[in-house]
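The structure appears right after this line, and notes come after that.
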Amino acid sequence: MHDARRPLTRRSVAHGFDAVADTYDVMVGLNPGYHRHLRTAAEALLDLVDEPRPLLLDLGCGTGLSTAALLAAARERGMEPTIVGVDASAGMLEQARRRDWPAEVTFRHARAEQLAELDLPRVDGALACYLLRNVPDVPGTLTAIATAMADDAPFVAMDYSVAGAGHAQRRWSWVNKLVITPLSAVVARQRELYDYLHRSVDDFASIPVLMDQMADAGFRRLEARTVDGWQRDILHLVRGRRG
């Protein structure tokens, strides 16, 4: 149990997500680009998946919004995917399981670095939206992901980073001060998690550093791009293949 008197950290953030699980979808729904960006990440992954019936991982799946985006995108391509959503927050997974899912979609309660303990077959693709900046050991987590994947299988990570970009840091700070923090007090009825999420972006590695970490973990043919709109140079998509 997290001590509410102590600020959340990467090691305790799952408890913070537990506390806001019932309001999380409402909160992120107020971001007009949120669902579109999840779909963009799903499409970027599936562009590199050749299997008609792939086994896909949705890491840090939360309440299942990214899982739903991945499932819809795969079906529109004529695929018949098996998707395993993995998250460290039991509260978020409880919300995810309340949705109407086909039998081919399941959820597992685990940290991404514990993938070996789930005893999964080699996966054909892995998606991680808003995950990596929240794990205690990024290199170790990336290695665990790579180890779980089939040779040449694609991995897509989408996350926030403002390191080394002063204009993005200032924009991120003002959006948090004027929009996210006030909304979190009203919608989520607490600010602890969203204060942590603000800090987590400020503290996360730059995209070049993240790509180096991915390369060290065994990913190849790496590429990165940012999104349009107010999140330009704040939200990034990084893609590679398990080498």
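So you can find residues: chains in the structure tokens are A, B, ... in the order shown, residues in each start at 1, and ligands are numbered from 1 in order.
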
Please tabulate, as JSON lines, the residues of range 89-208 of chain A that come within 12 Å of range 33-39 of chain A, each with its closest pair of atoms and the distance in Å to one decimal, counting only C-alpha atoms and ordering rows by chain, then residue number upward.
```
{"residue": "A:Leu127", "atom": "CA", "partner": "A:Leu38", "partner_atom": "CA", "distance": 9.8}
{"residue": "A:Ala128", "atom": "CA", "partner": "A:Leu38", "partner_atom": "CA", "distance": 9.9}
{"residue": "A:Cys129", "atom": "CA", "partner": "A:Leu38", "partner_atom": "CA", "distance": 7.3}
{"residue": "A:Tyr130", "atom": "CA", "partner": "A:Leu38", "partner_atom": "CA", "distance": 9.8}
{"residue": "A:Val156", "atom": "CA", "partner": "A:Leu38", "partner_atom": "CA", "distance": 11.0}
{"residue": "A:Ala157", "atom": "CA", "partner": "A:Leu38", "partner_atom": "CA", "distance": 10.6}
{"residue": "A:Met158", "atom": "CA", "partner": "A:Leu38", "partner_atom": "CA", "distance": 8.4}
{"residue": "A:Asp159", "atom": "CA", "partner": "A:His37", "partner_atom": "CA", "distance": 10.3}
{"residue": "A:Tyr160", "atom": "CA", "partner": "A:His37", "partner_atom": "CA", "distance": 11.9}
```

Export, as a PDB file, in the first residue's frame, the selected residues with N, CA, C and O atoms.
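And here's result32.pdb as it stands now:
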```pdb
ATOM      1  N   LEU A 127       3.320  -3.245 -28.337  1.00  0.00           N
ATOM      2  CA  LEU A 127       2.980  -1.823 -28.258  1.00  0.00           C
ATOM      3  C   LEU A 127       3.125  -1.369 -26.818  1.00  0.00           C
ATOM      4  O   LEU A 127       2.699  -2.082 -25.894  1.00  0.00           O
ATOM      5  N   ALA A 128       3.710  -0.202 -26.611  1.00  0.00           N
ATOM      6  CA  ALA A 128       3.856   0.352 -25.264  1.00  0.00           C
ATOM      7  C   ALA A 128       3.570   1.844 -25.317  1.00  0.00           C
ATOM      8  O   ALA A 128       4.442   2.638 -25.683  1.00  0.00           O
ATOM      9  N   CYS A 129       2.347   2.215 -24.978  1.00  0.00           N
ATOM     10  CA  CYS A 129       1.950   3.622 -24.994  1.00  0.00           C
ATOM     11  C   CYS A 129       2.006   4.191 -23.583  1.00  0.00           C
ATOM     12  O   CYS A 129       1.367   3.662 -22.667  1.00  0.00           O
ATOM     13  N   TYR A 130       2.791   5.232 -23.407  1.00  0.00           N
ATOM     14  CA  TYR A 130       2.887   5.933 -22.124  1.00  0.00           C
ATOM     15  C   TYR A 130       3.383   5.012 -21.007  1.00  0.00           C
ATOM     16  O   TYR A 130       2.982   5.150 -19.852  1.00  0.00           O
ATOM     17  N   VAL A 156       6.725  -0.788 -30.875  1.00  0.00           N
ATOM     18  CA  VAL A 156       6.428   0.642 -30.938  1.00  0.00           C
ATOM     19  C   VAL A 156       6.237   1.165 -29.526  1.00  0.00           C
ATOM     20  O   VAL A 156       5.438   0.625 -28.749  1.00  0.00           O
ATOM     21  N   ALA A 157       6.983   2.208 -29.193  1.00  0.00           N
ATOM     22  CA  ALA A 157       6.817   2.907 -27.926  1.00  0.00           C
ATOM     23  C   ALA A 157       6.358   4.327 -28.217  1.00  0.00           C
ATOM     24  O   ALA A 157       6.955   5.020 -29.057  1.00  0.00           O
ATOM     25  N   MET A 158       5.294   4.750 -27.553  1.00  0.00           N
ATOM     26  CA  MET A 158       4.841   6.130 -27.666  1.00  0.00           C
ATOM     27  C   MET A 158       4.879   6.744 -26.274  1.00  0.00           C
ATOM     28  O   MET A 158       4.319   6.183 -25.324  1.00  0.00           O
ATOM     29  N   ASP A 159       5.559   7.871 -26.162  1.00  0.00           N
ATOM     30  CA  ASP A 159       5.665   8.473 -24.837  1.00  0.00           C
ATOM     31  C   ASP A 159       6.040   9.942 -24.951  1.00  0.00           C
ATOM     32  O   ASP A 159       6.413  10.437 -26.012  1.00  0.00           O
ATOM     33  N   TYR A 160       5.938  10.602 -23.809  1.00  0.00           N
ATOM     34  CA  TYR A 160       6.291  12.016 -23.699  1.00  0.00           C
ATOM     35  C   TYR A 160       7.767  12.163 -23.355  1.00  0.00           C
ATOM     36  O   TYR A 160       8.305  11.410 -22.536  1.00  0.00           O
TER      37      TYR A 160
END
```

Exercise. Residues at most 7 Å from range 51-68 of chain A, counting only C-alpha atoms, excluding those fewer than 5 positions away in the same chain, as a list in words?
Worked result: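 Here the qualifying residues turn out to be Leu38, Met79, Glu80, Pro81, Thr82, Ile83, Val84, Gly85, Val86, Asp87, Met92, Leu93, Gln95, Ala96, Ala112, Val123, Asp124, Gly125, Ala126, Leu127, Ala128, Cys129 and Leu131 of chain A.
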
Exercise. Quick one: DSSP alpha helix (DSSP H) residues in range 5-129 of chain A, as an MDAnalysis selection string?
Worked result: chainID A and resid 13:20 24:29 34:46 65:76 90:97

Dump as a compact mmCIF listing (two decimals), in the first residue's frame, selection limited to N, CA and C atoms:
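Saved file again_37.txt follows:
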```txt
# COMPACT_ATOMS: atom_id res chain seq x y z
N VAL A 13 4.05 4.02 -8.63
CA VAL A 13 3.05 4.70 -9.45
C VAL A 13 1.83 3.82 -9.75
N ALA A 14 2.00 2.50 -9.74
CA ALA A 14 0.84 1.63 -9.98
C ALA A 14 -0.27 1.90 -8.98
N HIS A 15 0.10 2.21 -7.74
CA HIS A 15 -0.91 2.53 -6.72
C HIS A 15 -1.63 3.83 -7.05
N GLY A 16 -0.90 4.77 -7.65
CA GLY A 16 -1.53 6.01 -8.08
C GLY A 16 -2.55 5.77 -9.17
N PHE A 17 -2.23 4.88 -10.11
CA PHE A 17 -3.20 4.55 -11.15
C PHE A 17 -4.40 3.80 -10.56
N ASP A 18 -4.18 2.96 -9.57
CA ASP A 18 -5.30 2.31 -8.89
C ASP A 18 -6.29 3.34 -8.37
N ALA A 19 -5.76 4.44 -7.82
CA ALA A 19 -6.61 5.43 -7.17
C ALA A 19 -7.47 6.22 -8.14
N VAL A 20 -7.05 6.31 -9.41
CA VAL A 20 -7.81 7.11 -10.37
C VAL A 20 -8.42 6.26 -11.48
N TYR A 24 -10.11 7.63 -15.01
CA TYR A 24 -9.01 7.83 -15.94
C TYR A 24 -9.49 8.07 -17.37
N ASP A 25 -10.45 7.28 -17.82
CA ASP A 25 -10.92 7.42 -19.20
C ASP A 25 -11.55 8.79 -19.44
N VAL A 26 -12.24 9.30 -18.44
CA VAL A 26 -12.84 10.63 -18.56
C VAL A 26 -11.74 11.68 -18.68
N MET A 27 -10.72 11.53 -17.86
CA MET A 27 -9.64 12.51 -17.84
C MET A 27 -8.90 12.54 -19.18
N VAL A 28 -8.50 11.37 -19.68
CA VAL A 28 -7.75 11.37 -20.94
C VAL A 28 -8.65 11.72 -22.12
N GLY A 29 -9.96 11.48 -21.97
CA GLY A 29 -10.89 11.84 -23.03
C GLY A 29 -10.99 13.33 -23.25
N TYR A 34 -5.96 12.27 -27.78
CA TYR A 34 -5.53 11.05 -27.09
C TYR A 34 -5.87 9.79 -27.87
N HIS A 35 -7.12 9.60 -28.24
CA HIS A 35 -7.53 8.39 -28.94
C HIS A 35 -6.89 8.31 -30.33
N ARG A 36 -6.76 9.44 -30.97
CA ARG A 36 -6.13 9.46 -32.30
C ARG A 36 -4.67 9.03 -32.22
N HIS A 37 -3.98 9.45 -31.18
CA HIS A 37 -2.58 9.07 -31.03
C HIS A 37 -2.43 7.58 -30.72
N LEU A 38 -3.34 7.02 -29.94
CA LEU A 38 -3.31 5.58 -29.71
C LEU A 38 -3.47 4.82 -31.01
N ARG A 39 -4.39 5.29 -31.84
CA ARG A 39 -4.60 4.62 -33.12
C ARG A 39 -3.37 4.76 -34.02
N THR A 40 -2.73 5.93 -33.99
CA THR A 40 -1.51 6.13 -34.77
C THR A 40 -0.43 5.15 -34.36
N ALA A 41 -0.28 4.95 -33.05
CA ALA A 41 0.73 4.00 -32.56
C ALA A 41 0.39 2.58 -32.98
N ALA A 42 -0.89 2.22 -32.89
CA ALA A 42 -1.31 0.88 -33.30
C ALA A 42 -1.03 0.65 -34.78
N GLU A 43 -1.34 1.64 -35.60
CA GLU A 43 -1.11 1.52 -37.04
C GLU A 43 0.39 1.40 -37.34
N ALA A 44 1.20 2.16 -36.62
CA ALA A 44 2.65 2.10 -36.84
C ALA A 44 3.19 0.72 -36.53
N LEU A 45 2.63 0.06 -35.52
CA LEU A 45 3.04 -1.30 -35.21
C LEU A 45 2.59 -2.27 -36.30
N LEU A 46 1.32 -2.22 -36.64
CA LEU A 46 0.76 -3.19 -37.57
C LEU A 46 1.31 -3.04 -38.99
N LEU A 65 -7.84 1.17 -23.39
CA LEU A 65 -8.06 2.05 -24.54
C LEU A 65 -7.07 1.74 -25.66
N SER A 66 -5.83 1.53 -25.32
CA SER A 66 -4.84 1.19 -26.34
C SER A 66 -5.11 -0.20 -26.91
N THR A 67 -5.59 -1.11 -26.07
CA THR A 67 -5.93 -2.46 -26.53
C THR A 67 -7.05 -2.40 -27.57
N ALA A 68 -8.05 -1.57 -27.28
CA ALA A 68 -9.16 -1.42 -28.21
C ALA A 68 -8.69 -0.83 -29.54
N ALA A 69 -7.79 0.14 -29.47
CA ALA A 69 -7.26 0.74 -30.69
C ALA A 69 -6.48 -0.29 -31.50
N LEU A 70 -5.71 -1.12 -30.82
CA LEU A 70 -4.92 -2.15 -31.50
C LEU A 70 -5.83 -3.21 -32.12
N LEU A 71 -6.84 -3.63 -31.39
CA LEU A 71 -7.78 -4.63 -31.90
C LEU A 71 -8.52 -4.11 -33.13
N ALA A 72 -9.03 -2.89 -33.05
CA ALA A 72 -9.78 -2.32 -34.17
C ALA A 72 -8.91 -2.17 -35.41
N ALA A 73 -7.69 -1.68 -35.21
CA ALA A 73 -6.79 -1.48 -36.35
C ALA A 73 -6.43 -2.81 -36.99
N ALA A 74 -6.20 -3.84 -36.18
CA ALA A 74 -5.86 -5.15 -36.72
C ALA A 74 -7.02 -5.76 -37.50
N ARG A 75 -8.21 -5.65 -36.96
CA ARG A 75 -9.38 -6.21 -37.64
C ARG A 75 -9.64 -5.49 -38.96
N GLU A 76 -9.43 -4.19 -38.98
CA GLU A 76 -9.64 -3.46 -40.24
C GLU A 76 -8.67 -3.91 -41.32
N ALA A 90 -3.66 -3.05 -10.77
CA ALA A 90 -4.84 -3.92 -10.68
C ALA A 90 -6.12 -3.13 -10.90
N GLY A 91 -6.13 -1.88 -10.44
CA GLY A 91 -7.33 -1.05 -10.61
C GLY A 91 -7.61 -0.74 -12.07
N MET A 92 -6.57 -0.43 -12.81
CA MET A 92 -6.75 -0.14 -14.24
C MET A 92 -7.20 -1.40 -14.98
N LEU A 93 -6.63 -2.55 -14.63
CA LEU A 93 -7.03 -3.79 -15.28
C LEU A 93 -8.48 -4.15 -14.95
N GLU A 94 -8.92 -3.84 -13.76
CA GLU A 94 -10.32 -4.09 -13.42
C GLU A 94 -11.24 -3.32 -14.36
N GLN A 95 -10.87 -2.07 -14.66
CA GLN A 95 -11.66 -1.29 -15.61
C GLN A 95 -11.59 -1.89 -17.00
N ALA A 96 -10.41 -2.33 -17.40
CA ALA A 96 -10.24 -2.91 -18.74
C ALA A 96 -11.11 -4.14 -18.92
N ARG A 97 -11.16 -4.98 -17.91
CA ARG A 97 -11.91 -6.24 -18.01
C ARG A 97 -13.42 -6.02 -18.05
```

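For the choices A:Gly218, A:Gly240, A:Gly78, A:Gly229, the atom-to-atom distance to Pro154 in chain A is smallest for A:Gly240 when using only C-alpha atoms.
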
Problem set entry | Best match for closeness to Val201 in chain A among A:Arg133, A:Arg241, A:Arg232, A:Arg98, counting only C-alpha atoms |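 Answer, going by the shortest atom-to-atom distance: A:Arg133.
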
Exercise. Which is closer to Leu48 in chain A than all the others in A:Ala165, A:Phe107, A:Leu132, A:Asp152, using only C-alpha atoms?
Worked result: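 Answer, going by the shortest atom-to-atom distance: A:Asp152.
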
Seminar exercise, completed: Correct to one decimal, the distance CA of Gln213 in chain A-CA of Asn176 in chain A is 28.0 Å

For this session: Write out as a ChimeraX atom specification the residues lying within 7 Å of Glu113 in chain A, counting only C-alpha atoms and excluding same-chain residues fewer than 6 positions away.
Result: /A:140-141,144

So which residues of range 25-206 of chain A fall under strand (DSSP E) by DSSP, listed as a tab-separated table (two decimals) with all heavy atoms, in the first residue's frame?
```
chain	number	residue	atom	x	y	z
A	55	LEU	N	0.24	-12.72	-32.56
A	55	LEU	CA	0.18	-12.56	-31.11
A	55	LEU	C	0.79	-11.21	-30.79
A	55	LEU	O	1.97	-10.97	-31.07
A	55	LEU	CB	0.94	-13.67	-30.40
A	55	LEU	CG	1.10	-13.51	-28.88
A	55	LEU	CD1	-0.25	-13.43	-28.19
A	55	LEU	CD2	1.95	-14.64	-28.31
A	56	LEU	N	-0.01	-10.32	-30.21
A	56	LEU	CA	0.41	-8.95	-29.95
A	56	LEU	C	0.37	-8.66	-28.46
A	56	LEU	O	-0.56	-9.09	-27.76
A	56	LEU	CB	-0.50	-7.96	-30.69
A	56	LEU	CG	-0.65	-8.17	-32.20
A	56	LEU	CD1	-1.70	-7.22	-32.76
A	56	LEU	CD2	0.69	-7.97	-32.91
A	57	LEU	N	1.33	-7.90	-27.98
A	57	LEU	CA	1.35	-7.44	-26.60
A	57	LEU	C	0.99	-5.97	-26.55
A	57	LEU	O	1.47	-5.17	-27.35
A	57	LEU	CB	2.74	-7.62	-25.99
A	57	LEU	CG	3.23	-9.02	-25.68
A	57	LEU	CD1	4.61	-8.95	-25.01
A	57	LEU	CD2	2.25	-9.77	-24.78
A	58	ASP	N	0.13	-5.61	-25.59
A	58	ASP	CA	-0.16	-4.21	-25.29
A	58	ASP	C	0.35	-3.95	-23.88
A	58	ASP	O	-0.31	-4.30	-22.89
A	58	ASP	CB	-1.66	-3.94	-25.39
A	58	ASP	CG	-2.00	-2.48	-25.13
A	58	ASP	OD1	-1.08	-1.63	-25.22
A	58	ASP	OD2	-3.17	-2.18	-24.83
A	59	LEU	N	1.53	-3.38	-23.79
A	59	LEU	CA	2.22	-3.21	-22.52
A	59	LEU	C	1.85	-1.87	-21.89
A	59	LEU	O	1.91	-0.83	-22.54
A	59	LEU	CB	3.72	-3.29	-22.74
A	59	LEU	CG	4.18	-4.60	-23.39
A	59	LEU	CD1	5.65	-4.51	-23.80
A	59	LEU	CD2	3.97	-5.77	-22.45
A	82	THR	N	-4.48	-12.25	-31.61
A	82	THR	CA	-4.57	-12.56	-30.19
A	82	THR	C	-3.80	-11.46	-29.46
A	82	THR	O	-2.63	-11.21	-29.79
A	82	THR	CB	-3.95	-13.94	-29.87
A	82	THR	OG1	-4.71	-14.94	-30.52
A	82	THR	CG2	-3.94	-14.20	-28.37
A	83	ILE	N	-4.44	-10.80	-28.52
A	83	ILE	CA	-3.81	-9.66	-27.85
A	83	ILE	C	-3.77	-9.93	-26.35
A	83	ILE	O	-4.78	-10.30	-25.75
A	83	ILE	CB	-4.58	-8.35	-28.12
A	83	ILE	CG1	-4.65	-8.07	-29.63
A	83	ILE	CG2	-3.92	-7.18	-27.39
A	83	ILE	CD1	-5.47	-6.84	-29.98
A	84	VAL	N	-2.61	-9.72	-25.76
A	84	VAL	CA	-2.44	-9.83	-24.31
A	84	VAL	C	-2.10	-8.44	-23.78
A	84	VAL	O	-1.06	-7.87	-24.12
A	84	VAL	CB	-1.32	-10.82	-23.94
A	84	VAL	CG1	-1.18	-10.90	-22.42
A	84	VAL	CG2	-1.62	-12.21	-24.53
A	85	GLY	N	-3.00	-7.89	-22.97
A	85	GLY	CA	-2.75	-6.62	-22.31
A	85	GLY	C	-2.08	-6.85	-20.98
A	85	GLY	O	-2.50	-7.72	-20.20
A	86	VAL	N	-1.03	-6.10	-20.70
A	86	VAL	CA	-0.25	-6.27	-19.47
A	86	VAL	C	-0.18	-4.93	-18.75
A	86	VAL	O	0.14	-3.90	-19.37
A	86	VAL	CB	1.17	-6.78	-19.78
A	86	VAL	CG1	1.99	-6.94	-18.50
A	86	VAL	CG2	1.12	-8.09	-20.55
A	87	ASP	N	-0.45	-4.94	-17.45
A	87	ASP	CA	-0.36	-3.69	-16.69
A	87	ASP	C	-0.05	-4.01	-15.22
A	87	ASP	O	-0.46	-5.06	-14.71
A	87	ASP	CB	-1.65	-2.88	-16.77
A	87	ASP	CG	-1.42	-1.41	-16.50
A	87	ASP	OD1	-1.37	-1.02	-15.32
A	87	ASP	OD2	-1.25	-0.64	-17.47
A	105	VAL	N	-8.73	-11.67	-26.62
A	105	VAL	CA	-8.11	-10.58	-25.86
A	105	VAL	C	-8.13	-10.94	-24.38
A	105	VAL	O	-9.20	-11.20	-23.81
A	105	VAL	CB	-8.85	-9.25	-26.09
A	105	VAL	CG1	-8.24	-8.14	-25.22
A	105	VAL	CG2	-8.78	-8.85	-27.57
A	106	THR	N	-6.97	-10.98	-23.76
A	106	THR	CA	-6.86	-11.28	-22.34
A	106	THR	C	-5.96	-10.25	-21.67
A	106	THR	O	-5.21	-9.52	-22.34
A	106	THR	CB	-6.28	-12.69	-22.10
A	106	THR	OG1	-4.99	-12.77	-22.73
A	106	THR	CG2	-7.20	-13.75	-22.67
A	107	PHE	N	-6.02	-10.21	-20.35
A	107	PHE	CA	-5.24	-9.24	-19.59
A	107	PHE	C	-4.49	-9.95	-18.47
A	107	PHE	O	-5.00	-10.87	-17.84
A	107	PHE	CB	-6.15	-8.15	-19.01
A	107	PHE	CG	-6.81	-7.31	-20.07
A	107	PHE	CD1	-8.07	-7.63	-20.55
A	107	PHE	CD2	-6.15	-6.22	-20.60
A	107	PHE	CE1	-8.67	-6.88	-21.53
A	107	PHE	CE2	-6.74	-5.45	-21.60
A	107	PHE	CZ	-8.01	-5.78	-22.06
A	108	ARG	N	-3.25	-9.48	-18.24
A	108	ARG	CA	-2.40	-10.06	-17.21
A	108	ARG	C	-1.87	-8.95	-16.31
A	108	ARG	O	-1.45	-7.89	-16.78
A	108	ARG	CB	-1.22	-10.82	-17.85
A	108	ARG	CG	-1.64	-11.87	-18.87
A	108	ARG	CD	-2.30	-13.07	-18.24
A	108	ARG	NE	-1.37	-13.83	-17.42
A	108	ARG	CZ	-0.58	-14.79	-17.90
A	108	ARG	NH1	-0.59	-15.08	-19.21
A	108	ARG	NH2	0.22	-15.46	-17.10
A	109	HIS	N	-1.86	-9.24	-15.02
A	109	HIS	CA	-1.38	-8.28	-14.02
A	109	HIS	C	0.10	-8.53	-13.77
A	109	HIS	O	0.49	-9.50	-13.13
A	109	HIS	CB	-2.18	-8.45	-12.72
A	109	HIS	CG	-1.81	-7.45	-11.67
A	109	HIS	ND1	-1.93	-7.71	-10.33
A	109	HIS	CD2	-1.32	-6.19	-11.77
A	109	HIS	CE1	-1.54	-6.65	-9.64
A	109	HIS	NE2	-1.16	-5.72	-10.49
A	125	GLY	N	4.50	-8.79	-32.20
A	125	GLY	CA	4.54	-7.33	-32.14
A	125	GLY	C	4.18	-6.86	-30.75
A	125	GLY	O	3.37	-7.50	-30.06
A	126	ALA	N	4.78	-5.75	-30.32
A	126	ALA	CA	4.51	-5.22	-28.99
A	126	ALA	C	4.33	-3.72	-29.05
A	126	ALA	O	5.08	-3.01	-29.73
A	126	ALA	CB	5.64	-5.57	-28.03
A	127	LEU	N	3.32	-3.25	-28.34
A	127	LEU	CA	2.98	-1.82	-28.26
A	127	LEU	C	3.13	-1.37	-26.82
A	127	LEU	O	2.70	-2.08	-25.89
A	127	LEU	CB	1.54	-1.62	-28.73
A	127	LEU	CG	0.98	-0.20	-28.74
A	127	LEU	CD1	1.69	0.64	-29.81
A	127	LEU	CD2	-0.53	-0.23	-29.01
A	128	ALA	N	3.71	-0.20	-26.61
A	128	ALA	CA	3.86	0.35	-25.26
A	128	ALA	C	3.57	1.84	-25.32
A	128	ALA	O	4.44	2.64	-25.68
A	128	ALA	CB	5.26	0.09	-24.72
A	129	CYS	N	2.35	2.22	-24.98
A	129	CYS	CA	1.95	3.62	-24.99
A	129	CYS	C	2.01	4.19	-23.58
A	129	CYS	O	1.37	3.66	-22.67
A	129	CYS	CB	0.54	3.76	-25.55
A	129	CYS	SG	0.39	3.31	-27.30
A	154	PRO	N	8.18	-6.24	-34.69
A	154	PRO	CA	8.24	-4.81	-34.41
A	154	PRO	C	7.82	-4.45	-33.00
A	154	PRO	O	7.00	-5.13	-32.39
A	154	PRO	CB	7.26	-4.23	-35.43
A	154	PRO	CG	6.24	-5.31	-35.62
A	154	PRO	CD	7.01	-6.60	-35.51
A	155	PHE	N	8.40	-3.37	-32.51
A	155	PHE	CA	8.06	-2.80	-31.21
A	155	PHE	C	7.84	-1.31	-31.41
A	155	PHE	O	8.65	-0.63	-32.04
A	155	PHE	CB	9.18	-3.03	-30.20
A	155	PHE	CG	9.01	-2.30	-28.90
A	155	PHE	CD1	7.86	-2.43	-28.14
A	155	PHE	CD2	10.02	-1.47	-28.43
A	155	PHE	CE1	7.71	-1.75	-26.95
A	155	PHE	CE2	9.88	-0.79	-27.23
A	155	PHE	CZ	8.72	-0.93	-26.49
A	156	VAL	N	6.73	-0.79	-30.87
A	156	VAL	CA	6.43	0.64	-30.94
A	156	VAL	C	6.24	1.16	-29.53
A	156	VAL	O	5.44	0.63	-28.75
A	156	VAL	CB	5.16	0.92	-31.78
A	156	VAL	CG1	4.69	2.35	-31.59
A	156	VAL	CG2	5.45	0.66	-33.25
A	157	ALA	N	6.98	2.21	-29.19
A	157	ALA	CA	6.82	2.91	-27.93
A	157	ALA	C	6.36	4.33	-28.22
A	157	ALA	O	6.95	5.02	-29.06
A	157	ALA	CB	8.13	2.93	-27.15
A	158	MET	N	5.29	4.75	-27.55
A	158	MET	CA	4.84	6.13	-27.67
A	158	MET	C	4.88	6.74	-26.27
A	158	MET	O	4.32	6.18	-25.32
A	158	MET	CB	3.42	6.21	-28.24
A	158	MET	CG	2.97	7.64	-28.51
A	158	MET	SD	1.41	7.73	-29.45
A	158	MET	CE	0.27	7.11	-28.20
A	159	ASP	N	5.56	7.87	-26.16
A	159	ASP	CA	5.67	8.47	-24.84
A	159	ASP	C	6.04	9.94	-24.95
A	159	ASP	O	6.41	10.44	-26.01
A	159	ASP	CB	6.71	7.74	-23.99
A	159	ASP	CG	6.24	7.56	-22.55
A	159	ASP	OD1	5.63	8.51	-22.01
A	159	ASP	OD2	6.48	6.49	-21.99
A	160	TYR	N	5.94	10.60	-23.81
A	160	TYR	CA	6.29	12.02	-23.70
A	160	TYR	C	7.77	12.16	-23.35
A	160	TYR	O	8.30	11.41	-22.54
A	160	TYR	CB	5.48	12.69	-22.60
A	160	TYR	CG	4.00	12.77	-22.85
A	160	TYR	CD1	3.11	12.00	-22.11
A	160	TYR	CD2	3.48	13.62	-23.82
A	160	TYR	CE1	1.74	12.09	-22.32
A	160	TYR	CE2	2.11	13.72	-24.03
A	160	TYR	CZ	1.25	12.94	-23.28
A	160	TYR	OH	-0.10	13.03	-23.50
```

For this session: Work out how far apart CA of Ala110 in chain A and CA of Leu193 in chain A are and give it in Å to one decimal.
Result: 19.5 Å

Exercise. Separation of CA of His236 in chain A and CA of Gln190 in chain A, in Å?
Worked result: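 Between these atoms lies a distance of 27.3 Å.
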
Problem set entry | Among the residues A:Ala205, A:Asp151, A:Phe219, A:Ser161, the one that comes closest to Leu237 in chain A [using only C-alpha atoms] |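 Distance minimum relative to Leu237 in chain A lands on A:Ser161.
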
I want to know what sits within 7 Å of Thr181 in chain A, based on only C-alpha atoms, with residues of the same chain fewer than 4 positions away left out; could you give that as a CSV table (one decimal) with C-alpha atoms, in the first residue's frame?
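Listing of part.csv after writing:
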```csv
chain,number,residue,atom,x,y,z
A,176,ASN,CA,-0.1,21.2,-16.8
A,177,LYS,CA,-0.5,24.4,-14.7
A,185,ALA,CA,-8.7,18.1,-9.0
A,191,ARG,CA,-3.8,15.5,-7.9
A,194,TYR,CA,-1.1,13.8,-12.2
```
